[in-house]
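Below is entry.txt, holding compact mmCIF, C-alpha atoms and all ligand atoms.
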# COMPACT_ATOMS: atom_id res chain seq x y z
CA MET J 1 -2.32 2.35 3.41
CA ILE J 2 -3.02 4.68 0.50
CA PRO J 3 -6.12 3.55 -1.43
CA ILE J 4 -6.12 4.04 -5.20
CA ASP J 5 -8.27 2.67 -8.02
CA PRO J 6 -7.19 -0.64 -9.59
CA PRO J 7 -5.15 -0.26 -12.79
CA VAL J 8 -7.01 -0.42 -16.09
CA MET J 9 -4.03 -2.23 -17.58
CA THR J 10 -4.86 -5.89 -18.12
CA VAL J 11 -2.91 -9.12 -17.96
CA LYS J 12 -3.20 -9.25 -21.75
CA ASP J 13 -1.17 -6.00 -21.85
CA THR J 14 1.53 -7.25 -19.49
CA LEU J 15 1.70 -10.67 -21.18
CA THR J 16 2.08 -9.19 -24.66
CA ALA J 17 4.71 -6.69 -23.51
CA SER J 18 6.77 -9.11 -21.44
CA CYS J 19 6.78 -11.77 -24.17
CA LYS J 20 8.01 -9.29 -26.78
CA ARG J 21 11.70 -9.81 -27.59
CA LEU J 22 11.65 -13.19 -25.80
CA ARG J 23 14.28 -14.95 -27.88
CA ASN J 24 13.03 -18.50 -27.26
CA SER J 25 10.23 -18.46 -29.83
CA VAL J 26 8.78 -21.82 -28.74
CA LEU J 27 8.40 -20.51 -25.19
CA ARG J 28 7.06 -17.18 -26.45
CA ILE J 29 4.30 -18.89 -28.46
CA ARG J 30 3.56 -21.22 -25.57
CA LEU J 31 3.19 -18.35 -23.09
CA LEU J 32 1.14 -16.18 -25.44
CA ALA J 33 -1.21 -19.13 -25.85
CA ARG J 34 -2.03 -18.83 -22.14
CA GLU J 35 -3.68 -15.45 -22.63
CA LYS J 36 -7.21 -16.76 -22.23
CA ASP J 37 -6.36 -18.64 -19.01
CA LEU J 38 -4.64 -15.61 -17.54
CA SER J 39 -7.51 -13.30 -18.50
CA THR J 40 -10.03 -15.68 -16.93
CA ALA J 41 -7.91 -15.83 -13.75
CA GLU J 42 -7.69 -12.04 -13.76
CA GLN J 43 -11.48 -11.67 -13.98
CA THR J 44 -11.93 -14.22 -11.18
CA TYR J 45 -9.45 -12.21 -9.08
CA ILE J 46 -11.31 -8.93 -9.72
CA ASP J 47 -14.71 -10.49 -8.92
CA ALA J 48 -13.35 -11.99 -5.70
CA ALA J 49 -11.58 -8.78 -4.67
CA GLU J 50 -14.70 -6.69 -5.27
CA HIS J 51 -16.70 -9.03 -3.03
CA ASN J 52 -14.08 -9.30 -0.28
CA ASP J 53 -13.53 -12.91 -1.25
CA LEU J 54 -9.86 -12.80 -2.19
CA TYR J 55 -8.81 -14.92 0.77
CA ARG J 56 -11.00 -17.82 -0.30
CA LEU J 57 -9.71 -17.47 -3.87
CA ALA J 58 -6.12 -17.51 -2.62
CA ILE J 59 -6.65 -20.66 -0.55
CA THR J 60 -8.50 -22.57 -3.27
CA SER J 61 -5.95 -21.48 -5.90
CA ARG J 62 -3.08 -22.58 -3.66
CA GLU J 63 -4.74 -25.97 -3.06
CA ALA J 64 -5.29 -26.42 -6.79
CA GLU J 65 -1.66 -25.47 -7.47
CA GLU J 66 -0.40 -27.95 -4.87
CA LEU J 67 -2.57 -30.71 -6.28
CA LEU J 68 -1.75 -30.05 -9.91
CA PRO J 69 0.95 -27.39 -10.46
CA ASP J 70 0.43 -25.10 -13.44
CA ARG J 71 2.45 -26.53 -16.31
CA ASP J 72 3.90 -23.10 -17.03
CA GLY J 73 4.21 -22.00 -13.39
CA GLU J 74 7.98 -21.60 -13.43
CA HIS J 75 7.88 -19.85 -16.80
CA LEU J 76 5.23 -17.38 -15.55
CA LYS J 77 7.29 -16.52 -12.47
CA GLU J 78 10.32 -16.08 -14.68
CA LEU J 79 8.27 -14.00 -17.09
CA TYR J 80 7.67 -11.52 -14.29
CA ASN J 81 11.38 -11.24 -13.46
CA ALA J 82 12.90 -11.41 -16.92
CA GLY J 83 10.03 -10.08 -19.05
CA LEU J 84 8.10 -7.52 -17.03
CA VAL J 85 10.94 -6.23 -14.86
CA GLY J 86 13.84 -6.97 -17.16
CA ARG J 87 12.93 -6.53 -20.82
CA LYS J 88 12.32 -3.16 -22.43
CA ASP J 89 8.65 -3.51 -23.46
CA GLY J 90 7.68 -5.21 -20.22
CA ARG J 91 9.57 -2.64 -18.22
CA ILE J 92 7.45 0.15 -19.70
CA LYS J 93 4.33 -1.54 -18.27
CA TYR J 94 6.11 -2.22 -14.97
CA ASP J 95 7.12 1.43 -14.65
CA GLU J 96 3.61 2.55 -15.59
CA LEU J 97 2.18 0.53 -12.71
CA LYS J 98 4.81 1.90 -10.32
CA ALA J 99 4.11 5.47 -11.43
CA ARG J 100 0.46 5.21 -10.35
CA ALA J 101 1.39 5.70 -6.69
CA PRO J 102 0.51 9.30 -5.71
CA TYR J 103 3.61 11.38 -4.89
CA GLY J 104 5.75 8.27 -5.54
CA ARG J 105 4.89 6.99 -2.08
CA CYS J 106 4.54 3.34 -1.09
CA LEU J 107 0.85 2.37 -1.01
CA LEU J 108 1.35 0.04 1.94
CA CYS J 109 3.01 2.40 4.45
CA GLY J 110 2.20 5.71 2.76
CA ASN J 111 5.70 7.10 2.97
CA GLY J 112 8.55 4.97 1.62
CA GLU J 113 9.97 5.57 -1.84
CA ILE J 114 8.62 3.05 -4.36
CA GLY J 115 11.18 0.30 -4.85
CA SER J 116 9.22 -2.36 -6.73
CA LEU J 117 5.82 -3.93 -7.24
CA ASP J 118 4.57 -6.16 -4.45
CA HIS J 119 2.58 -9.27 -5.39
CA HIS J 120 -0.47 -8.99 -3.16
CA LEU J 121 -0.98 -12.73 -3.64
CA PRO J 122 2.52 -14.24 -3.77
CA LYS J 123 3.68 -15.35 -7.20
CA ASP J 124 5.63 -18.32 -5.85
CA MET J 125 2.44 -19.97 -4.62
CA LEU J 126 0.09 -18.57 -7.28
CA PRO J 127 1.97 -18.16 -10.58
CA LEU J 128 -1.29 -17.46 -12.48
CA TYR J 129 -1.28 -13.99 -10.92
CA ALA J 130 2.45 -13.34 -11.36
CA ILE J 131 1.99 -10.67 -14.05
CA CYS J 132 -1.63 -9.73 -13.32
CA PRO J 133 -1.72 -5.91 -12.89
CA VAL J 134 -4.47 -5.89 -10.23
CA ASN J 135 -2.20 -8.11 -8.11
CA LEU J 136 0.80 -5.78 -8.44
CA VAL J 137 1.04 -2.98 -5.87
CA PRO J 138 3.72 -0.25 -5.83
CA ALA J 139 5.61 -0.60 -2.55
CA CYS J 140 8.82 0.45 -0.85
CA SER J 141 11.51 -2.17 -0.41
CA LYS J 142 11.00 -2.27 3.36
CA CYS J 143 7.27 -3.05 3.11
CA ASN J 144 7.89 -5.56 0.33
CA GLN J 145 10.40 -7.36 2.52
CA MET J 146 8.21 -7.22 5.65
CA LYS J 147 5.19 -8.64 3.86
CA GLY J 148 7.08 -11.58 2.38
CA ASP J 149 5.38 -14.48 0.66
CA ARG J 150 2.29 -14.92 2.73
CA ILE J 151 -1.39 -15.42 2.04
CA GLY J 152 -2.42 -15.21 5.70
CA ALA J 153 -3.23 -17.91 8.24
CA THR J 154 -6.87 -16.74 8.41
CA ALA J 155 -9.02 -14.24 6.50
CA SER J 156 -8.36 -11.73 9.31
CA GLN J 157 -4.60 -12.09 9.11
CA ARG J 158 -4.16 -10.34 5.80
CA THR J 159 -2.65 -7.03 4.89
CA LEU J 160 -4.89 -4.50 3.14
CA HIS J 161 -5.11 -4.34 -0.64
CA PRO J 162 -4.77 -0.67 -1.74
CA TYR J 163 -6.84 -1.28 -4.90
CA TYR J 164 -9.84 -2.87 -3.17
CA ASP J 165 -9.91 -2.24 0.59
CA ARG J 166 -11.46 1.05 1.69
CA PRO J 167 -11.35 1.19 5.50
CA GLY J 168 -11.27 4.99 5.64
CA GLN J 169 -14.14 5.74 3.32
CA THR J 170 -16.28 7.39 6.00
CA GLY J 171 -13.81 8.93 8.38
CA ARG J 172 -10.56 9.00 10.28
CA TYR J 173 -9.18 5.81 11.74
CA LEU J 174 -5.49 6.69 12.11
CA PHE J 175 -4.71 8.93 15.06
CA ALA J 176 -1.54 10.50 16.43
CA ASP J 177 -1.50 11.07 20.19
CA ILE J 178 1.03 13.70 21.16
CA THR J 179 1.65 14.17 24.86
CA SER J 180 5.46 14.02 24.56
CA TRP J 181 7.97 12.93 21.91
CA PRO J 182 7.88 10.48 20.17
CA VAL J 183 4.43 10.67 18.58
CA GLN J 184 2.20 7.65 19.36
CA PHE J 185 0.12 6.38 16.44
CA ARG J 186 -2.91 4.17 16.90
CA ILE J 187 -5.88 2.76 15.01
CA GLN J 188 -9.37 3.61 16.13
CA ALA J 189 -11.93 1.38 14.45
CA LEU J 190 -14.83 3.03 12.66
CA PRO J 191 -18.31 1.93 13.81
CA GLU J 192 -19.20 0.33 10.47
CA TRP J 193 -16.15 -1.98 10.41
CA ASP J 194 -16.93 -5.65 10.91
CA ALA J 195 -14.67 -7.84 13.05
CA GLU J 196 -12.65 -9.01 10.04
CA LEU J 197 -11.87 -5.51 8.77
CA ARG J 198 -11.02 -4.38 12.29
CA ALA J 199 -8.54 -7.25 12.61
CA ARG J 200 -7.09 -6.66 9.15
CA VAL J 201 -6.41 -2.96 9.66
CA GLU J 202 -4.61 -3.82 12.93
CA TYR J 203 -2.76 -6.67 11.20
CA HIS J 204 -1.62 -4.35 8.41
CA PHE J 205 -0.52 -1.76 11.00
CA HIS J 206 1.54 -4.33 12.93
CA THR J 207 2.94 -6.26 9.95
CA PHE J 208 4.53 -3.13 8.53
CA LYS J 209 5.50 -1.82 12.01
CA LEU J 210 3.69 1.40 11.17
CA ALA J 211 3.52 2.83 14.71
CA GLU J 212 7.32 2.77 14.98
CA ARG J 213 7.98 3.84 11.41
CA TYR J 214 5.45 6.70 11.47
CA ALA J 215 6.99 7.99 14.72
CA GLU J 216 10.36 8.02 12.93
CA PHE J 217 8.95 9.79 9.86
CA CYS J 218 7.55 12.47 12.19
CA ILE J 219 10.97 13.61 13.37
CA SER J 220 11.97 15.36 10.15
CA GLU J 221 8.39 16.45 9.44
CA VAL J 222 8.04 18.19 12.81
CA THR J 223 11.57 19.59 12.73
CA GLY J 224 10.91 21.07 9.31
CA ASN J 225 7.77 22.89 10.52
CA GLN J 226 8.72 23.89 14.03
CA TRP J 227 10.38 27.18 13.12
CA LEU J 228 7.14 28.35 11.46
CA HIS J 229 4.99 27.07 14.35
CA GLN J 230 7.14 28.98 16.86
CA LYS J 231 6.87 32.14 14.78
CA ILE J 232 3.06 31.90 14.49
CA ARG J 233 2.80 31.24 18.23
CA ARG J 234 4.98 34.28 19.02
CA GLU J 235 3.01 36.55 16.70
CA SER J 236 -0.58 35.22 17.02
CA GLY J 237 -0.51 33.23 20.24
CA VAL J 238 -1.80 29.71 20.84
CA PRO J 239 -5.19 30.39 19.11
CA GLY J 240 -3.29 31.47 15.98
CA LEU J 241 -1.19 28.32 16.06
CA ILE J 242 -4.29 26.13 16.52
CA ALA J 243 -5.94 27.79 13.51
CA HIS J 244 -2.81 27.27 11.40
CA LEU J 245 -2.42 23.61 12.43
CA GLN J 246 -6.08 22.85 11.72
CA GLU J 247 -5.89 24.44 8.30
CA ASP J 248 -2.65 22.61 7.58
CA ALA J 249 -4.30 19.30 8.58
CA GLU J 250 -7.32 19.93 6.36
CA GLN J 251 -5.12 20.84 3.43
CA ARG J 252 -2.99 17.70 3.89
CA ALA J 253 -6.16 15.58 4.20
CA SER J 254 -7.41 16.93 0.88
CA THR J 255 -4.16 16.13 -0.96
CA HIS J 256 -2.78 13.04 0.82
CA GLY J 257 -5.97 11.54 2.29
CA LEU J 258 -7.70 11.61 5.63
CA ASN J 259 -5.77 8.61 6.96
CA ALA J 260 -2.30 9.38 5.65
CA TRP J 261 0.27 9.35 8.47
CA ASP J 262 1.24 13.01 7.88
CA THR J 263 -2.44 14.08 7.96
CA ALA J 264 -2.86 12.24 11.27
CA LEU J 265 0.27 13.98 12.57
CA ARG J 266 -1.14 17.40 11.72
CA TYR J 267 -4.51 16.73 13.37
CA GLY J 268 -2.59 15.34 16.35
CA LEU J 269 -0.51 18.52 16.66
CA ALA J 270 -3.62 20.73 16.45
CA ASP J 271 -5.32 18.68 19.20
CA SER J 272 -2.30 18.48 21.49
CA ALA J 273 -2.31 20.90 24.43
CA TRP J 274 1.22 19.65 25.21
CA TYR J 275 2.50 20.59 21.74
CA LEU J 276 0.83 24.00 21.72
CA HIS J 277 2.33 25.00 25.06
CA ARG J 278 5.56 23.01 25.35
CA GLY J 279 6.29 20.57 22.54
CA VAL J 280 6.51 23.33 19.95
CA LEU J 281 9.66 24.47 21.72
CA GLU J 282 11.21 20.99 22.15
CA SER J 283 13.03 19.08 19.43
CA PRO J 284 11.35 15.78 18.64
ZN ZN N 1 6.22 1.04 2.42

For the structure just supplied, provide its representation as structure tokens.
Ligand SMILES: [Zn+2]
Amino acid sequence: MIPIDPPVMTVKDTLTASCKRLRNSVLRIRLLAREKDLSTAEQTYIDAAEHNDLYRLAITSREAEELLPDRDGEHLKELYNAGLVGRKDGRIKYDELKARAPYGRCLLCGNGEIGSLDHHLPKDMLPLYAICPVNLVPACSKCNQMKGDRIGATASQRTLHPYYDRPGQTGRYLFADITSWPVQFRIQALPEWDAELRARVEYHFHTFKLAERYAEFCISEVTGNQWLHQKIRRESGVPGLIAHLQEDAEQRASTHGLNAWDTALRYGLADSAWYLHRGVLESP
């Protein structure tokens, strides 16, 4: 997961843009009249997310929706598809939200090319958040598909929210163990994590099949660097290669984050006696 700040764009912005050029003027006026409701829902979402209370909000909102469906629920879902994704003014906002992902990488896996915006809380169950920017996360099509329309069976069975969850604030939790190919990725909980966060980080890791996918991403990354690693090892020996790998890891940590998969790979290579002596000469 790549953590970034929540967007400053508001639901008022996305509502105004996606209603523009809506030909059905009765519907346009009707939807624009929901601005206050949507803004209130947005503020409730932000308050809940900032206090790690989004799960409770999701459950109570879903119960309320089941009991008394929002009268504009279908229109709001359609407004996302036709207005925010499909119409020119909405699309500008949609693309702005997508463009916030650093290096154009999916915030959920940290590698895939951004395909769309993922509704952190599914729009089909909770139409009030269908066009709410803080609920829209740039993601690759694979992660979007793997996540599906789920809220989570329990508070612990939820994927991480890149705008609000900060598991790696104090250190490394993603590690790459390299004793042969392929690279083995694992999570190592930080001491300050409570049981829920520990479960959620693991849940996120398994839901998006990150161990398998990261190992696959490593193949081209290692192949692309091996020529240089072999050269450094020939010219400066193993100590020279260790120094290079450590510096490379620190540099990647400073640009891509301490818990990005490619940072973990670099630290893993620097720490691997097998790579330094043998793996550097073997294709992954
Ligand atoms: Zn992804």

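Interatomic distance, atom CA of Arg266 of chain J to atom CA of Trp193 of chain J: 24.5 Å.
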
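The shortest atom-to-atom distance to Trp274 of chain J, with only C-alpha atoms taken into account, belongs to J:Ile178 out of J:Ile178, J:Ala211, J:Leu79, J:Met9.
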
Practice problem: Let me have all residues with an atom within 10 Å of ligand ZN 1 (chain N), counting only C-alpha atoms and all ligand atoms, laid out as a list in words. | Solution: Met1, Arg105, Cys106, Leu107, Leu108, Cys109, Gly110, Asn111, Gly112, Glu113, Ile114, Gly115, Pro138, Ala139, Cys140, Ser141, Lys142, Cys143, Asn144, Gln145, Met146, Lys147, Phe208, Leu210 and Arg213 of chain J

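Interatomic distance, atom CA of Ile187 of chain J to atom CA of Tyr173 of chain J: 5.6 Å.
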
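Take atom CA of Leu126 of chain J and atom CA of Lys20 of chain J: the distance between them is 23.0 Å.
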
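Each of J:Gln251, J:Arg233, J:Thr263, J:Glu65 was checked against Arg278 of chain J using only C-alpha atoms; the smallest atom-to-atom distance is that of J:Arg233.
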
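Restricting the calculation to all atoms listed in the file, the smallest distance between Leu197 of chain J and any of J:Ile131, J:Leu160, J:Ala273, J:Leu76 is found for J:Leu160.
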
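The closest residue to Glu221 of chain J, picked from J:Ala49, J:Val183, J:Val11, J:Leu276 and counting all atoms listed in the file, is J:Val183.
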
Which residues are near segment 25-29 of chain J? Cut-off 12 Å, all atoms listed in the file, ignore same chain within fewer than 2 positions. Put them as a short mmCIF file (atom, residue, chain, number, x, y, z; two decimals) with C-alpha atoms, keeping the file's coordinate frame.
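Written output follows (out_22.cif):
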data_model
loop_
_atom_site.label_atom_id
_atom_site.label_comp_id
_atom_site.auth_asym_id
_atom_site.auth_seq_id
_atom_site.Cartn_x
_atom_site.Cartn_y
_atom_site.Cartn_z
CA LEU J 15 1.70 -10.67 -21.18
CA THR J 16 2.08 -9.19 -24.66
CA ALA J 17 4.71 -6.69 -23.51
CA SER J 18 6.77 -9.11 -21.44
CA CYS J 19 6.78 -11.77 -24.17
CA LYS J 20 8.01 -9.29 -26.78
CA ARG J 21 11.70 -9.81 -27.59
CA LEU J 22 11.65 -13.19 -25.80
CA ARG J 23 14.28 -14.95 -27.88
CA LEU J 31 3.19 -18.35 -23.09
CA LEU J 32 1.14 -16.18 -25.44
CA ALA J 33 -1.21 -19.13 -25.85
CA ARG J 34 -2.03 -18.83 -22.14
CA GLU J 35 -3.68 -15.45 -22.63
CA ASP J 72 3.90 -23.10 -17.03
CA GLU J 74 7.98 -21.60 -13.43
CA HIS J 75 7.88 -19.85 -16.80
CA LEU J 76 5.23 -17.38 -15.55
CA GLU J 78 10.32 -16.08 -14.68
CA LEU J 79 8.27 -14.00 -17.09
CA GLY J 83 10.03 -10.08 -19.05
#

Practice problem: Pick out the residues sitting within 9 Å of His120 of chain J, and hand them over as a VMD selection string; count only C-alpha atoms, and ignore anything fewer than 3 positions along from it in its own chain. | Solution: chain J and resid 123 134 to 137 149 to 151 159 to 161

Centre, x/y/z edge lengths, axis-aligned box for segment 254-264 of chain J with 6 Å per side, as AutoDock Vina command-line options:
--center_x -3.2 --center_y 12.8 --center_z 5.2 --size_x 20.9 --size_y 20.3 --size_z 24.2

Quiz item: Residues at most 12 Å from Gln230 of chain J, counting all atoms listed in the file, excluding those fewer than 4 positions away in the same chain, as JSON, numbers by chain?
Solution: {"J": [222, 223, 224, 225, 226, 234, 235, 236, 237, 238, 240, 241, 242, 244, 245, 275, 276, 277, 278, 279, 280, 281, 282, 283]}

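Remark: for Thr207 of chain J, the closest of the candidate residues J:Arg158, J:Arg30, J:Ile4, J:Glu63 is J:Arg158 (distances computed over all atoms listed in the file).
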
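With only C-alpha atoms taken into account, the protein and nucleic acid residues at most 12 Å from Arg198 of chain J (excluding it and anything under 5 positions from it in its own chain) are J:Ala155, J:Ser156, J:Gln157, J:Arg158, J:Thr159, J:Leu160, J:Asp165, J:Arg166, J:Pro167, J:Gly168, J:Tyr173, J:Ile187, J:Gln188, J:Ala189, J:Leu190, J:Pro191, J:Glu192, J:Trp193, J:Tyr203, J:His204, J:Phe205.
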
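Using only C-alpha atoms, the nearest neighbour of Cys218 of chain J within the list J:Ala249, J:Leu265, J:Ala195, J:Ile232 is J:Leu265.
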